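What follows is one structure encoded as structure tokens, with my remarks underneath.
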Amino acid sequence: MLKKDTGEILSVRNITKKDAAWYCLVSIIFTAVLWGWFAFTGIKFLWEWNLSLRDALLTFVTIFLLELTCGQDIRGRLWHAAYPGFLALMLVFPYVIGTGSGNRDPDFRHLLNPYVMEALGFLSISVITAFWQQKARRPLSILIAIGTFLITTFQIICALIYFSYFLIYGSTFATADFLPFVQTHLSEAIGFLKSFISVKTLCLGVILLLVLFVPTITLLVRNIKNGGMSSAKWPKWIIALSVLLFAAGIINVRHWIPRSFPVLDYQLSQAYIHSIRDAKKLHTINAAKLVLANGINNTLASRVPGTVLLVIGESETSDLMTAFTPSLPVDTTPWLTSEKENKDFYLFNHAYTNFPATAGALSMALTGINQYNEKEIGQVVTLLDVAKKAGYDTWWISNHRQLGAGNPSVDLVSSGADHTLWTTHAEGADIDLISLLKKVPRNGNHFIVLHLMGSHAKYDSRIPDDWPYLSLPGADETENDYATTVDYTDYVLKNIFNYSKENLHMTAMAYLSDHGEDMKYGHGEGHVTWSMLHIPLFFYLSPEYETAFPNTAKALRNNREKIFTNDLLFDTMCGLIQAPNNDYSPTYDLTSPLYSLNADQALAVNGKWIVANDPSLHDIK
């Protein structure tokens, strides 16, 4: 047998038939164990040639040829370079895909195949480069070591992120949850991660990484020290086979990485972003086609001049707002609760987000697209386009970062405003928005969108240091932090309302959140819960408004107990400002007597969830 310790090929005569037979047996056993693991994790269609067995044969052949080339079976030292990365991919992804695919059959071909082929490619590259490193001089040996280390790091980090996501959400990775990292500022993404990853968990992860890297680092350091010292003469067929296996590994990795996490999810996220950008290019054309059904003289701006305010909250669930959930032991919304009996306020108890993430939710809420029509982003206009047509000077005032192209759905709408204002210290206290609101002229017709940071993770970062801390009986720190953000948002809304009413001749105000929040899972498509979908919604109509448009006020009052999903905000706001148009439908407008959406029809999460299944609805239909 060959020298297992050094991994050197002494000569072609050392590879006997017995060695080859042993390598063949080991490769068969290894492949069988790997496919047995796939079966154990619940992967389907493993015994069909087109779906799996063809890849099993390729795995066997690759392992066998690698053993033959480097003169070691998979127990040998040279294989240590590939152990951590290969095992990380082959243990984690089959388990998560098999366990966390929900109602889908986790079939090999469409879900696991990319990761098996990617891992096999990396395996070939790592083993062959470790084999070549034996003869490489120190400078080249160091470069090989760095390359192998980076390959292993990439595989392990991908596996750990995927597994961590599974531990948090109990499912495979949802591409929509990649958008916050593609779209938002780095500090916001870090804040999101901090809300779910504790320092203890992070330390354990680092320790685990170090342990996983021990075999690779030990081998690479050894090879650097002994670099160029191997005196073995490699036969031409060994050299040719090693080059062939290395090239095959490169081709495999290049082909399958774009079809695997995280590159696939990044590409899909970018495709979504580009679709919004393309829509932005068509925006001018679409806006030019906008026609008001009743003309400019019948709009709210013409008949009751003043300001209309739309406030968009962030990550606020109605489940932890006393105004919507009176059973809470502590009043988290003292101002809104006190206004609940005010006849000028209209609170809606059955409002839902269309999607549990900002980009997806607002791309529908602020445009004519919804889950019930067949419109595409490139065909519609935005809410601000309608407001302009209806005679308003439009404003976008935000406490989020000025993301530019980073958040395309919001950028598509905000860029169309006549005026855009951003807080100096973005993501700070929402009360800072009042200073920007004061820049709006007191006279004239204004349509203002205020975008709060609200209850965005990390929760304790949303509250001023001197703000009273709420403590709910039996709640943990996370829930109490969140409840305090709700209380603070209520205070901000009170100040926005009072200032606008006293200084801007406010004729109407609407408030809703982009999506809700779950105290364990946050928000996102990975593990959707009803708390993520429950959102607050209320309207205020001034006495002048109700006098001028009594039928609108009546319809709004009559629809208070009906189901609403916030992708219908566009139609509802069009109705509110009395600006029906060629992109509007009265059946989606809460201010219209023709509004019609029951629990069986209402959808969420891009049509994947049916609101009728919400246990909190009871007999509401």
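Just remember, in the structure tokens the first chain shown is A, the second B, etc., residues are 1-based per chain, and ligands are 1-based in the order shown.
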
*Using only C-alpha atoms, which residues sit within 7 Å of segment 278-289 of chain A once same-chain residues fewer than 6 positions away are excluded, as a ChimeraX atom specification?*
/A:377-381,385,412

*Nearest residue to His80 of chain A from the set A:Val96, A:Lys44, A:Trp422, A:Val127 (distances using only C-alpha atoms)*: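 Ranked by minimum distance to His80 of chain A, first place goes to A:Val127.
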
Cut-off 12 Å: closest segment 309-428 of chain A/segment 608-620 of chain A atom pairs per residue, using only C-alpha atoms, as CSV:
```
residue,atom,partner,partner_atom,distance
A:Ser318,CA,A:Ser616,CA,12.0
A:Asp319,CA,A:Ser616,CA,10.2
A:Thr325,CA,A:Ser616,CA,11.0
A:Asn349,CA,A:Leu617,CA,9.9
A:His350,CA,A:Leu617,CA,8.0
A:Ala351,CA,A:Val611,CA,10.0
A:Tyr352,CA,A:Val611,CA,8.3
A:Thr353,CA,A:Val611,CA,10.4
A:Asn354,CA,A:Trp609,CA,9.4
A:Phe355,CA,A:Trp609,CA,9.8
A:Pro356,CA,A:Trp609,CA,11.4
A:Gln371,CA,A:Lys608,CA,10.0
```

*What does the distance from atom CA of Val61 of chain A to atom CA of Gln134 of chain A come to in Å, to one decimal?*
24.0 Å

_If DSSP is run on the backbone, what residues of segment 364-411 of chain A are strand (DSSP E)? A reply as a PyMOL selection string would be ideal._
chain A and resi 393-398

Grab the residues selected above and save them as a PDB file, in the first residue's frame with N, CA and C atoms.
```pdb
ATOM      1  N   ASP A 393     -49.328  69.199  -3.915  1.00  0.00           N
ATOM      2  CA  ASP A 393     -47.874  69.274  -3.892  1.00  0.00           C
ATOM      3  C   ASP A 393     -47.427  68.071  -3.055  1.00  0.00           C
ATOM      4  N   THR A 394     -46.567  67.217  -3.579  1.00  0.00           N
ATOM      5  CA  THR A 394     -46.284  65.933  -2.920  1.00  0.00           C
ATOM      6  C   THR A 394     -44.952  65.964  -2.174  1.00  0.00           C
ATOM      7  N   TRP A 395     -44.941  65.285  -1.020  1.00  0.00           N
ATOM      8  CA  TRP A 395     -43.773  65.254  -0.137  1.00  0.00           C
ATOM      9  C   TRP A 395     -43.492  63.826   0.299  1.00  0.00           C
ATOM     10  N   TRP A 396     -42.203  63.480   0.320  1.00  0.00           N
ATOM     11  CA  TRP A 396     -41.774  62.203   0.912  1.00  0.00           C
ATOM     12  C   TRP A 396     -40.795  62.549   2.029  1.00  0.00           C
ATOM     13  N   ILE A 397     -41.183  62.251   3.255  1.00  0.00           N
ATOM     14  CA  ILE A 397     -40.377  62.600   4.432  1.00  0.00           C
ATOM     15  C   ILE A 397     -40.066  61.301   5.176  1.00  0.00           C
ATOM     16  N   SER A 398     -38.779  61.004   5.360  1.00  0.00           N
ATOM     17  CA  SER A 398     -38.415  59.678   5.860  1.00  0.00           C
ATOM     18  C   SER A 398     -37.340  59.718   6.943  1.00  0.00           C
TER      19      SER A 398
END
```

*Given the choices A:Ile43, A:Leu300, A:Ala483, A:Ala293, which gets closest to His456 of chain A if the distance is worked out from only C-alpha atoms?*
A:Ala483

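Restricting the calculation to only C-alpha atoms, the smallest distance between Pro580 of chain A and any of A:Phe45, A:Tyr521, A:Gly295, A:Leu309 is found for A:Gly295.
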
*Interatomic distance between atom CA of Phe131 of chain A and atom CA of Lys233 of chain A?*
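Atom-to-atom, atom CA of Phe131 of chain A and atom CA of Lys233 of chain A are spaced 13.1 Å apart.
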
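Within 6 Å of segment 110-126 of chain A, once only C-alpha atoms are used and residues closer than 5 positions along the same chain are dropped, the contacting residues are Ala81, Ala82, Phe86, Thr148, Phe246, Gly249, Asn252, Val253, Trp256 and Ser260 of chain A.
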
Selection from above, N, CA, C and O atoms, as a CSV table (one decimal), in the first residue's frame, can you write it?
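The resulting file, part04.csv, is shown below:
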```csv
chain,number,residue,atom,x,y,z
A,81,ALA,N,-7.9,18.7,3.6
A,81,ALA,CA,-8.1,20.0,3.1
A,81,ALA,C,-9.6,20.2,2.7
A,81,ALA,O,-10.1,21.3,2.7
A,82,ALA,N,-10.2,19.1,2.3
A,82,ALA,CA,-11.6,19.1,1.8
A,82,ALA,C,-12.7,18.7,2.8
A,82,ALA,O,-13.8,19.0,2.6
A,86,PHE,N,-16.6,20.2,2.5
A,86,PHE,CA,-17.5,19.2,1.9
A,86,PHE,C,-18.5,18.7,2.9
A,86,PHE,O,-19.7,18.6,2.6
A,148,THR,N,-7.2,27.5,-0.9
A,148,THR,CA,-7.9,26.4,-0.2
A,148,THR,C,-8.6,26.9,1.0
A,148,THR,O,-9.8,26.5,1.3
A,246,PHE,N,-9.0,18.7,-11.6
A,246,PHE,CA,-9.0,20.1,-11.2
A,246,PHE,C,-9.9,20.9,-12.2
A,246,PHE,O,-10.7,21.7,-11.7
A,249,GLY,N,-13.5,20.2,-11.6
A,249,GLY,CA,-13.9,20.8,-10.3
A,249,GLY,C,-14.3,22.3,-10.6
A,249,GLY,O,-15.3,22.8,-10.1
A,252,ASN,N,-17.5,22.5,-12.6
A,252,ASN,CA,-18.6,22.1,-11.7
A,252,ASN,C,-19.0,23.3,-10.8
A,252,ASN,O,-20.2,23.7,-10.7
A,253,VAL,N,-18.0,23.9,-10.2
A,253,VAL,CA,-18.3,25.0,-9.3
A,253,VAL,C,-18.8,26.2,-10.0
A,253,VAL,O,-19.8,26.8,-9.6
A,256,TRP,N,-22.5,25.4,-10.9
A,256,TRP,CA,-23.5,25.2,-9.9
A,256,TRP,C,-23.6,26.2,-8.8
A,256,TRP,O,-24.6,26.4,-8.2
A,260,SER,N,-27.1,27.9,-6.5
A,260,SER,CA,-27.1,27.5,-5.1
A,260,SER,C,-27.1,28.8,-4.2
A,260,SER,O,-26.8,29.9,-4.6
```

*Kindly indicate which residue among A:Pro334, A:Ala510, A:Pro468, A:Glu479 lies nearest to Val308 of chain A, using only C-alpha atoms for the distances.*
A:Ala510

*asked:* With distances taken over only C-alpha atoms, which residue among A:Lys438, A:Arg277, A:Lys494, A:Lys520 lies nearest Val413 of chain A?
replied: A:Arg277

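Note that the spacing between atom CA of Leu78 of chain A and atom CA of Ile29 of chain A amounts to 19.2 Å.
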
*Spatial neighbours of segment 161-175 of chain A, 6 Å, only C-alpha atoms, chain gap at least 2 places, as a ChimeraX atom specification*: /A:97,100-101,158-159,177-178,265,525-527
